[in-house]
Structure formats: C-alpha cells, structure tokens
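Q: mmCIF, N, CA and C atoms, saved as query-v9.cif, coming up:
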```cif
data_final
loop_
_atom_site.label_atom_id
_atom_site.label_comp_id
_atom_site.auth_asym_id
_atom_site.auth_seq_id
_atom_site.Cartn_x
_atom_site.Cartn_y
_atom_site.Cartn_z
N MET O 8 15.16 -5.57 -35.72
CA MET O 8 14.61 -5.47 -34.38
C MET O 8 14.57 -6.87 -33.76
N THR O 9 15.06 -7.00 -32.54
CA THR O 9 15.05 -8.29 -31.86
C THR O 9 13.67 -8.57 -31.26
N ASP O 10 13.45 -9.81 -30.83
CA ASP O 10 12.19 -10.15 -30.16
C ASP O 10 11.99 -9.28 -28.93
N GLY O 11 13.06 -9.04 -28.18
CA GLY O 11 12.95 -8.19 -26.98
C GLY O 11 12.59 -6.77 -27.33
N ASP O 12 13.17 -6.22 -28.38
CA ASP O 12 12.86 -4.86 -28.82
C ASP O 12 11.40 -4.75 -29.26
N ASP O 13 10.95 -5.74 -30.02
CA ASP O 13 9.57 -5.78 -30.49
C ASP O 13 8.60 -5.85 -29.30
N PHE O 14 8.91 -6.70 -28.35
CA PHE O 14 8.07 -6.84 -27.16
C PHE O 14 8.02 -5.54 -26.36
N LEU O 15 9.17 -4.92 -26.11
CA LEU O 15 9.20 -3.66 -25.36
C LEU O 15 8.44 -2.55 -26.08
N ALA O 16 8.54 -2.50 -27.40
CA ALA O 16 7.80 -1.49 -28.17
C ALA O 16 6.30 -1.70 -27.99
N TRP O 17 5.85 -2.96 -27.99
CA TRP O 17 4.43 -3.26 -27.78
C TRP O 17 4.00 -2.86 -26.37
N LEU O 18 4.84 -3.15 -25.37
CA LEU O 18 4.53 -2.76 -23.98
C LEU O 18 4.33 -1.25 -23.86
N GLN O 19 5.19 -0.50 -24.53
CA GLN O 19 5.20 0.95 -24.39
C GLN O 19 4.14 1.64 -25.23
N THR O 20 3.48 0.91 -26.10
CA THR O 20 2.44 1.51 -26.95
C THR O 20 1.09 0.86 -26.66
N ALA O 21 0.82 -0.27 -27.27
CA ALA O 21 -0.51 -0.90 -27.17
C ALA O 21 -0.88 -1.24 -25.73
N LEU O 22 0.03 -1.86 -24.98
CA LEU O 22 -0.32 -2.23 -23.61
C LEU O 22 -0.47 -1.00 -22.73
N TYR O 23 0.43 -0.05 -22.86
CA TYR O 23 0.33 1.21 -22.09
C TYR O 23 -0.99 1.91 -22.39
N ASP O 24 -1.32 2.06 -23.66
CA ASP O 24 -2.57 2.73 -24.05
C ASP O 24 -3.79 2.00 -23.49
N ALA O 25 -3.74 0.67 -23.48
CA ALA O 25 -4.86 -0.12 -22.95
C ALA O 25 -5.03 0.09 -21.45
N GLU O 26 -3.94 0.21 -20.72
CA GLU O 26 -4.02 0.43 -19.28
C GLU O 26 -4.57 1.83 -18.97
N VAL O 27 -4.13 2.82 -19.71
CA VAL O 27 -4.67 4.17 -19.50
C VAL O 27 -6.17 4.17 -19.82
N ALA O 28 -6.56 3.51 -20.89
CA ALA O 28 -7.98 3.48 -21.29
C ALA O 28 -8.85 2.84 -20.21
N VAL O 29 -8.44 1.70 -19.66
CA VAL O 29 -9.28 1.06 -18.64
C VAL O 29 -9.38 1.93 -17.40
N HIS O 30 -8.32 2.67 -17.08
CA HIS O 30 -8.37 3.58 -15.93
C HIS O 30 -9.18 4.84 -16.23
N ASN O 31 -9.54 5.03 -17.49
CA ASN O 31 -10.46 6.10 -17.88
C ASN O 31 -11.87 5.56 -18.14
N GLY O 32 -12.10 4.29 -17.79
CA GLY O 32 -13.44 3.73 -17.92
C GLY O 32 -13.73 2.99 -19.21
N ASP O 33 -12.73 2.79 -20.06
CA ASP O 33 -12.94 2.10 -21.34
C ASP O 33 -12.16 0.79 -21.34
N PRO O 34 -12.83 -0.35 -21.11
CA PRO O 34 -12.13 -1.62 -21.05
C PRO O 34 -11.81 -2.24 -22.42
N ALA O 35 -12.36 -1.73 -23.50
CA ALA O 35 -12.19 -2.36 -24.82
C ALA O 35 -10.72 -2.47 -25.24
N PRO O 36 -9.89 -1.43 -25.12
CA PRO O 36 -8.50 -1.60 -25.52
C PRO O 36 -7.75 -2.63 -24.68
N ARG O 37 -8.09 -2.72 -23.39
CA ARG O 37 -7.43 -3.74 -22.56
C ARG O 37 -7.85 -5.12 -23.02
N ARG O 38 -9.12 -5.31 -23.28
CA ARG O 38 -9.57 -6.63 -23.74
C ARG O 38 -8.91 -7.00 -25.06
N ALA O 39 -8.66 -6.00 -25.90
CA ALA O 39 -8.05 -6.25 -27.21
C ALA O 39 -6.62 -6.77 -27.11
N VAL O 40 -5.90 -6.44 -26.05
CA VAL O 40 -4.52 -6.91 -25.92
C VAL O 40 -4.43 -8.23 -25.15
N TRP O 41 -5.57 -8.74 -24.69
CA TRP O 41 -5.58 -10.01 -23.98
C TRP O 41 -5.88 -11.16 -24.93
N SER O 42 -5.36 -12.32 -24.60
CA SER O 42 -5.55 -13.52 -25.39
C SER O 42 -7.02 -13.93 -25.43
N ARG O 43 -7.42 -14.47 -26.56
CA ARG O 43 -8.74 -15.09 -26.72
C ARG O 43 -8.63 -16.61 -26.61
N ARG O 44 -7.45 -17.08 -26.25
CA ARG O 44 -7.21 -18.52 -26.09
C ARG O 44 -7.06 -18.84 -24.60
N ASP O 45 -7.75 -19.86 -24.16
CA ASP O 45 -7.55 -20.32 -22.78
C ASP O 45 -6.28 -21.14 -22.71
N PRO O 46 -5.61 -21.14 -21.57
CA PRO O 46 -6.03 -20.52 -20.33
C PRO O 46 -5.65 -19.04 -20.27
N VAL O 47 -6.52 -18.26 -19.64
CA VAL O 47 -6.26 -16.88 -19.27
C VAL O 47 -6.69 -16.72 -17.82
N SER O 48 -5.99 -15.85 -17.08
CA SER O 48 -6.34 -15.69 -15.68
C SER O 48 -5.84 -14.36 -15.13
N VAL O 49 -6.56 -13.90 -14.11
CA VAL O 49 -6.18 -12.70 -13.38
C VAL O 49 -6.30 -13.02 -11.90
N LEU O 50 -5.24 -12.76 -11.18
CA LEU O 50 -5.26 -12.75 -9.72
C LEU O 50 -5.01 -11.30 -9.37
N GLY O 51 -6.08 -10.54 -9.26
CA GLY O 51 -5.97 -9.10 -9.21
C GLY O 51 -6.04 -8.49 -7.83
N ALA O 52 -5.65 -7.24 -7.76
CA ALA O 52 -5.72 -6.49 -6.52
C ALA O 52 -7.18 -6.23 -6.13
N MET O 53 -8.07 -6.20 -7.13
CA MET O 53 -9.48 -5.91 -6.89
C MET O 53 -10.37 -7.14 -7.10
N MET O 54 -10.08 -7.94 -8.14
CA MET O 54 -10.91 -9.09 -8.51
C MET O 54 -10.05 -10.16 -9.17
N ASN O 55 -10.58 -11.37 -9.22
CA ASN O 55 -9.93 -12.48 -9.90
C ASN O 55 -10.79 -12.94 -11.07
N ALA O 56 -10.18 -13.62 -12.04
CA ALA O 56 -10.92 -14.17 -13.17
C ALA O 56 -10.14 -15.35 -13.74
N HIS O 57 -10.89 -16.36 -14.17
CA HIS O 57 -10.31 -17.53 -14.84
C HIS O 57 -11.20 -17.85 -16.03
N GLY O 58 -10.61 -17.86 -17.22
CA GLY O 58 -11.37 -18.15 -18.43
C GLY O 58 -11.93 -16.90 -19.08
N GLN O 59 -12.35 -17.06 -20.33
CA GLN O 59 -12.77 -15.92 -21.15
C GLN O 59 -13.99 -15.19 -20.59
N GLN O 60 -15.00 -15.92 -20.17
CA GLN O 60 -16.22 -15.27 -19.68
C GLN O 60 -15.94 -14.44 -18.43
N GLU O 61 -15.22 -15.00 -17.47
CA GLU O 61 -14.90 -14.24 -16.25
C GLU O 61 -14.00 -13.05 -16.57
N LEU O 62 -13.09 -13.23 -17.54
CA LEU O 62 -12.21 -12.12 -17.93
C LEU O 62 -13.02 -10.97 -18.52
N ASP O 63 -13.97 -11.29 -19.41
CA ASP O 63 -14.83 -10.26 -19.99
C ASP O 63 -15.61 -9.52 -18.89
N GLU O 64 -16.16 -10.27 -17.95
CA GLU O 64 -16.92 -9.67 -16.85
C GLU O 64 -16.03 -8.78 -15.99
N LEU O 65 -14.82 -9.23 -15.72
CA LEU O 65 -13.88 -8.45 -14.92
C LEU O 65 -13.57 -7.12 -15.59
N PHE O 66 -13.28 -7.14 -16.89
CA PHE O 66 -12.91 -5.91 -17.58
C PHE O 66 -14.08 -4.93 -17.66
N VAL O 67 -15.30 -5.43 -17.84
CA VAL O 67 -16.47 -4.55 -17.83
C VAL O 67 -16.61 -3.91 -16.45
N THR O 68 -16.46 -4.69 -15.40
CA THR O 68 -16.56 -4.15 -14.03
C THR O 68 -15.49 -3.10 -13.77
N LEU O 69 -14.27 -3.36 -14.20
CA LEU O 69 -13.21 -2.37 -14.01
C LEU O 69 -13.52 -1.08 -14.76
N GLY O 70 -14.03 -1.21 -15.97
CA GLY O 70 -14.41 -0.03 -16.74
C GLY O 70 -15.49 0.80 -16.05
N GLU O 71 -16.38 0.13 -15.33
CA GLU O 71 -17.43 0.83 -14.60
C GLU O 71 -16.90 1.50 -13.34
N ARG O 72 -15.84 0.98 -12.76
CA ARG O 72 -15.33 1.50 -11.49
C ARG O 72 -14.30 2.62 -11.65
N PHE O 73 -13.54 2.59 -12.76
CA PHE O 73 -12.46 3.56 -12.95
C PHE O 73 -12.89 4.72 -13.84
N SER O 74 -12.29 5.90 -13.58
CA SER O 74 -12.48 7.07 -14.44
C SER O 74 -11.38 8.07 -14.15
N ASP O 75 -11.29 9.08 -14.99
CA ASP O 75 -10.43 10.25 -14.76
C ASP O 75 -8.98 9.91 -14.43
N CYS O 76 -8.37 9.07 -15.25
CA CYS O 76 -6.95 8.74 -15.05
C CYS O 76 -6.10 9.97 -15.34
N SER O 77 -5.39 10.44 -14.34
CA SER O 77 -4.52 11.61 -14.54
C SER O 77 -3.07 11.20 -14.74
N SER O 78 -2.72 9.97 -14.32
CA SER O 78 -1.37 9.47 -14.61
C SER O 78 -1.33 7.96 -14.45
N TYR O 79 -0.51 7.35 -15.30
CA TYR O 79 -0.25 5.92 -15.23
C TYR O 79 1.19 5.71 -15.69
N GLU O 80 1.95 4.98 -14.89
CA GLU O 80 3.32 4.66 -15.26
C GLU O 80 3.59 3.22 -14.87
N PHE O 81 4.20 2.47 -15.78
CA PHE O 81 4.64 1.12 -15.47
C PHE O 81 6.15 1.16 -15.30
N GLU O 82 6.59 0.93 -14.08
CA GLU O 82 8.01 0.89 -13.75
C GLU O 82 8.49 -0.55 -13.94
N LEU O 83 9.05 -0.83 -15.09
CA LEU O 83 9.48 -2.18 -15.44
C LEU O 83 10.76 -2.52 -14.67
N LEU O 84 10.69 -3.58 -13.88
CA LEU O 84 11.85 -4.04 -13.13
C LEU O 84 12.61 -5.13 -13.86
N SER O 85 11.88 -6.06 -14.47
CA SER O 85 12.54 -7.09 -15.26
C SER O 85 11.54 -7.67 -16.27
N TYR O 86 12.11 -8.27 -17.30
CA TYR O 86 11.31 -8.94 -18.32
C TYR O 86 12.20 -9.93 -19.03
N ASP O 87 11.57 -10.86 -19.72
CA ASP O 87 12.31 -11.76 -20.59
C ASP O 87 11.36 -12.23 -21.69
N VAL O 88 11.95 -12.52 -22.83
CA VAL O 88 11.23 -13.07 -23.96
C VAL O 88 11.95 -14.34 -24.36
N VAL O 89 11.22 -15.45 -24.38
CA VAL O 89 11.78 -16.73 -24.80
C VAL O 89 10.82 -17.32 -25.83
N GLY O 90 11.19 -17.24 -27.08
CA GLY O 90 10.32 -17.74 -28.14
C GLY O 90 9.04 -16.94 -28.18
N ASP O 91 7.90 -17.64 -28.03
CA ASP O 91 6.59 -17.00 -28.09
C ASP O 91 6.01 -16.73 -26.71
N MET O 92 6.85 -16.73 -25.68
CA MET O 92 6.41 -16.44 -24.31
C MET O 92 7.27 -15.31 -23.75
N ALA O 93 6.65 -14.52 -22.87
CA ALA O 93 7.37 -13.44 -22.22
C ALA O 93 6.74 -13.18 -20.86
N TYR O 94 7.46 -12.46 -20.03
CA TYR O 94 6.90 -12.02 -18.75
C TYR O 94 7.42 -10.62 -18.43
N THR O 95 6.68 -9.92 -17.59
CA THR O 95 7.14 -8.66 -17.03
C THR O 95 6.84 -8.67 -15.54
N GLU O 96 7.65 -7.93 -14.80
CA GLU O 96 7.32 -7.66 -13.41
C GLU O 96 7.79 -6.25 -13.11
N GLY O 97 6.93 -5.55 -12.34
CA GLY O 97 7.25 -4.18 -12.03
C GLY O 97 6.16 -3.54 -11.19
N PHE O 98 6.23 -2.23 -11.10
CA PHE O 98 5.27 -1.46 -10.31
C PHE O 98 4.43 -0.59 -11.24
N GLU O 99 3.12 -0.61 -11.00
CA GLU O 99 2.19 0.26 -11.71
C GLU O 99 1.81 1.40 -10.78
N HIS O 100 2.15 2.61 -11.19
CA HIS O 100 1.83 3.81 -10.40
C HIS O 100 0.67 4.51 -11.10
N THR O 101 -0.46 4.63 -10.39
CA THR O 101 -1.69 5.13 -11.02
C THR O 101 -2.35 6.20 -10.16
N SER O 102 -2.85 7.23 -10.83
CA SER O 102 -3.75 8.21 -10.21
C SER O 102 -5.01 8.24 -11.06
N ALA O 103 -6.13 7.85 -10.46
CA ALA O 103 -7.42 7.79 -11.16
C ALA O 103 -8.52 7.80 -10.12
N SER O 104 -9.74 8.00 -10.56
CA SER O 104 -10.88 7.88 -9.66
C SER O 104 -11.35 6.44 -9.65
N VAL O 105 -11.61 5.93 -8.45
CA VAL O 105 -12.15 4.59 -8.26
C VAL O 105 -13.51 4.77 -7.61
N GLU O 106 -14.54 4.39 -8.35
CA GLU O 106 -15.92 4.59 -7.91
C GLU O 106 -16.16 6.05 -7.50
N GLY O 107 -15.60 6.97 -8.30
CA GLY O 107 -15.82 8.39 -8.11
C GLY O 107 -14.90 9.08 -7.13
N GLU O 108 -14.05 8.33 -6.44
CA GLU O 108 -13.13 8.91 -5.45
C GLU O 108 -11.71 8.94 -6.02
N PRO O 109 -11.08 10.13 -6.06
CA PRO O 109 -9.70 10.20 -6.55
C PRO O 109 -8.77 9.37 -5.66
N ARG O 110 -7.91 8.60 -6.32
CA ARG O 110 -6.95 7.76 -5.59
C ARG O 110 -5.63 7.74 -6.32
N THR O 111 -4.57 7.62 -5.55
CA THR O 111 -3.24 7.38 -6.09
C THR O 111 -2.72 6.13 -5.40
N TYR O 112 -2.24 5.18 -6.18
CA TYR O 112 -1.80 3.92 -5.60
C TYR O 112 -0.74 3.27 -6.48
N THR O 113 -0.06 2.30 -5.90
CA THR O 113 0.95 1.52 -6.61
C THR O 113 0.62 0.04 -6.44
N LEU O 114 0.67 -0.68 -7.56
CA LEU O 114 0.49 -2.13 -7.55
C LEU O 114 1.79 -2.81 -7.97
N ARG O 115 2.08 -3.93 -7.33
CA ARG O 115 3.12 -4.84 -7.84
C ARG O 115 2.41 -5.69 -8.88
N ALA O 116 2.98 -5.80 -10.07
CA ALA O 116 2.30 -6.53 -11.13
C ALA O 116 3.27 -7.44 -11.88
N THR O 117 2.84 -8.67 -12.05
CA THR O 117 3.56 -9.65 -12.87
C THR O 117 2.58 -10.11 -13.94
N GLN O 118 3.04 -10.12 -15.19
CA GLN O 118 2.18 -10.57 -16.28
C GLN O 118 2.94 -11.57 -17.15
N VAL O 119 2.18 -12.50 -17.73
CA VAL O 119 2.72 -13.49 -18.66
C VAL O 119 2.05 -13.24 -20.00
N TYR O 120 2.84 -13.33 -21.07
CA TYR O 120 2.38 -13.01 -22.42
C TYR O 120 2.65 -14.18 -23.36
N ARG O 121 1.80 -14.29 -24.38
CA ARG O 121 2.00 -15.26 -25.46
C ARG O 121 1.95 -14.50 -26.78
N ARG O 122 2.81 -14.90 -27.70
CA ARG O 122 2.72 -14.37 -29.05
C ARG O 122 1.76 -15.27 -29.82
N GLU O 123 0.66 -14.69 -30.28
CA GLU O 123 -0.37 -15.45 -30.99
C GLU O 123 -0.58 -14.81 -32.36
N ASP O 124 -0.39 -15.60 -33.38
CA ASP O 124 -0.54 -15.10 -34.75
C ASP O 124 0.29 -13.85 -34.97
N GLY O 125 1.50 -13.84 -34.42
CA GLY O 125 2.44 -12.74 -34.61
C GLY O 125 2.22 -11.54 -33.71
N GLN O 126 1.22 -11.58 -32.82
CA GLN O 126 0.91 -10.44 -31.94
C GLN O 126 1.06 -10.86 -30.48
N TRP O 127 1.61 -9.97 -29.67
CA TRP O 127 1.71 -10.24 -28.24
C TRP O 127 0.34 -10.09 -27.60
N ARG O 128 0.02 -11.00 -26.69
CA ARG O 128 -1.24 -10.98 -25.95
C ARG O 128 -0.96 -11.34 -24.50
N VAL O 129 -1.68 -10.71 -23.59
CA VAL O 129 -1.57 -11.03 -22.17
C VAL O 129 -2.34 -12.31 -21.92
N ALA O 130 -1.75 -13.23 -21.14
CA ALA O 130 -2.41 -14.49 -20.80
C ALA O 130 -2.67 -14.61 -19.30
N HIS O 131 -1.85 -13.93 -18.49
CA HIS O 131 -2.03 -14.02 -17.04
C HIS O 131 -1.53 -12.72 -16.40
N ARG O 132 -2.24 -12.33 -15.34
CA ARG O 132 -1.85 -11.14 -14.56
C ARG O 132 -2.00 -11.46 -13.08
N HIS O 133 -1.00 -11.06 -12.32
CA HIS O 133 -1.10 -11.09 -10.87
C HIS O 133 -0.68 -9.72 -10.37
N ALA O 134 -1.54 -9.08 -9.58
CA ALA O 134 -1.21 -7.76 -9.04
C ALA O 134 -1.75 -7.63 -7.64
N ASP O 135 -1.01 -6.92 -6.82
CA ASP O 135 -1.48 -6.61 -5.48
C ASP O 135 -0.94 -5.25 -5.06
N ALA O 136 -1.60 -4.68 -4.08
CA ALA O 136 -1.24 -3.34 -3.62
C ALA O 136 0.08 -3.38 -2.84
N VAL O 137 0.88 -2.37 -3.06
CA VAL O 137 2.10 -2.20 -2.28
C VAL O 137 1.69 -1.56 -0.95
N ARG O 138 2.04 -2.18 0.09
CA ARG O 138 1.70 -1.66 1.43
C ARG O 138 2.97 -1.11 2.06
N GLY O 139 2.86 0.09 2.58
CA GLY O 139 4.03 0.76 3.17
C GLY O 139 4.29 0.36 4.51
#
```
Transcribe the structure of this file into structure tokens.

A:
Amino acid sequence: MTDGDDFLAWLQTALYDAEVAVHNGDPAPRRAVWSRRDPVSVLGAMMNAHGQQELDELFVTLGERFSDCSSYEFELLSYDVVGDMAYTEGFEHTSASVEGEPRTYTLRATQVYRREDGQWRVAHRHADAVRG
C-alpha cells in the first residue's frame, strides 16, 4: 500500500466516521483524529480556533449545536501526500440539525494533515459555505 492509498483509506474510515459523529452531536471521534501538537487551527464556517484549548472548546460547541445527521459526503477534489504531510480540498455535503433546525448545506473545505507517530492527524481546517 502506498502512502497515498494509506491516507485515502484513513480519510474514508476514521475521518469520515469522525465527521458523521460530530454532526450527530458527539465531538470525541473528531477530536481523536486531530493533532495534539501545536500548531493546530480552524478557520471555520461557524467558528475559529487556534491552539489546543480553543480547539477543544470549538469541538464541544459543535457537538452541542449539531444533531440528527441524515447524510454526510466529502466530495474530494484533490489531495496530495508528501512525506509526513498531506492536504485535501473538496466539498462537504451535509444534512443535519443545527441548533434543532434541519439544514442541508455544502461547505468548501481544505484541510492539512500531519503523520504523527505513524497516524494521520488533522492540523488545520479552513471551511466556508458555498453560496449560490
């Protein structure tokens, strides 16, 4: 298995499962796939975070706001793996309740990853809403 194959398998399992979980109100799996090493950052569609403490607070808040995920799909447009670094960019298509209101939306999302102790971890996320 190549580094790219290994990375894609992780995206389609652990990262996918973590995204579905946070959209169902459980932030723990998402936090588990994120780096515990600084720097970490989120420039998000809903909130921003820099550093471990702000990241933890952000994920707890997201878990409180989201529920009832009925669908989540990551439409991968491009990615690359170079050594222990990788990136993805694509569209996240989600149907879930946000603060109790059902919503369907699409985000443009770019993420940067680091391989730490043999495991892929998210280090940075930038996402914003696609406006028609």

Q: With only C-alpha atoms as the atoms that count, which of O:Trp127, O:Tyr120, O:Tyr86, O:Tyr112 lies nearest to O:Ala52?

A: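 Closest to O:Ala52, using only C-alpha atoms: O:Tyr112.
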
Q: Can you tell me which residues surround O:Ser74 at a distance of at most 5 Å, considering only N, CA and C atoms, apart from same-chain residues fewer than 6 positions away, and format the answer as a PDB file with N, CA and C atoms, in the frame of the given file?

A:
```pdb
ATOM      1  N   HIS O  30      -8.320   2.670 -17.080  1.00  0.00           N
ATOM      2  CA  HIS O  30      -8.370   3.580 -15.930  1.00  0.00           C
ATOM      3  C   HIS O  30      -9.180   4.840 -16.230  1.00  0.00           C
ATOM      4  N   ASN O  31      -9.540   5.030 -17.490  1.00  0.00           N
ATOM      5  CA  ASN O  31     -10.460   6.100 -17.880  1.00  0.00           C
ATOM      6  C   ASN O  31     -11.870   5.560 -18.140  1.00  0.00           C
ATOM      7  N   GLY O  32     -12.100   4.290 -17.790  1.00  0.00           N
ATOM      8  CA  GLY O  32     -13.440   3.730 -17.920  1.00  0.00           C
ATOM      9  C   GLY O  32     -13.730   2.990 -19.210  1.00  0.00           C
ATOM     10  N   ALA O 103      -6.130   7.850 -10.460  1.00  0.00           N
ATOM     11  CA  ALA O 103      -7.420   7.790 -11.160  1.00  0.00           C
ATOM     12  C   ALA O 103      -8.520   7.800 -10.120  1.00  0.00           C
ATOM     13  N   SER O 104      -9.740   8.000 -10.560  1.00  0.00           N
ATOM     14  CA  SER O 104     -10.880   7.880  -9.660  1.00  0.00           C
ATOM     15  C   SER O 104     -11.350   6.440  -9.650  1.00  0.00           C
TER      16      SER O 104
END
```

Q: Pull out every residue that the PyMOL selection byres ((chain O and resi 93-102) around 7) matches in the shown coordinates and put them as a PyMOL selection string.

A: chain O and resi 75-92+103-104+109-122

Q: Taking only C-alpha atoms into account, which of O:Asp24, O:Asp12, O:Asp45, O:Asp135 comes nearest O:Glu123?

A: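 Selected residue with least distance to O:Glu123: O:Asp45.
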
Q: Which protein, DNA or RNA residues have an atom at most 8 Å from (-4.8, -11.0, -12.5), counting only C-alpha atoms? List them as a list in words.

A: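 Applying the cut-off with only C-alpha atoms, one gets Ser48, Val49, Leu50, Gly51, Ala52, Met54, Asn55, Ala56, Gln118, His131, Arg132, His133 and Ala134 of chain O.
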
Q: For O:Tyr23, which residue among O:Val137, O:Leu62, O:Ala130, O:Val40 is the nearest when counting only C-alpha atoms?

A: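 That would be O:Val40, the residue with the smallest distance to O:Tyr23.
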
Q: Just to confirm, what's the straight-line distance from atom CA of O:Val105 to atom CA of O:Ala25 in Å (one decimal)?

A: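 That distance, rounded to one decimal, is 17.1 Å.
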
Q: Would you list, as a ChimeraX atom specification, the residues of chain O that end up in strand (DSSP E or B) under DSSP run on this structure's backbone?

A: /O:41,48-50,55-57,73-89,92-105,108-123,126-136

Q: Just to confirm, what's the straight-line distance from atom CA of O:Leu15 to atom C of O:Ser42 in Å (one decimal)?

A: 19.2 Å

Q: For the point (-16.0, -15.9, -21.9) in the file's frame, write as a PyMOL selection string all residues with an atom no more than 12 Å away, counting only C-alpha atoms.

A: chain O and resi 38+42-48+56-66

Q: For the atom pair atom N of O:Ala136 and atom N of O:Met53, what is the interatomic distance in Å to one decimal place?

A: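 These two atoms are separated by 7.3 Å.
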
Q: Go through O:Asp13, O:Phe73, O:Val129, O:Glu106 one by one, measure the shortest atom-to-atom distance of each to O:Arg37 using only C-alpha atoms, and give the residue with the smallest value.

A: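 For O:Arg37, the nearest of the given residues is O:Val129.
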
Q: For the structure I just gave you, how does DSSP split chain O - specifically, which residues are alpha helix (DSSP H)? Reply as a VMD selection string.

A: chain O and resid 10 to 17 23 to 30 35 to 39 59 to 72

Q: O:Phe14, O:Gln126, O:Ala21, O:Arg72: which is nearest O:Glu108, counting all atoms listed in the file?

A: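 Under the stated criterion, the closest residue is O:Arg72.
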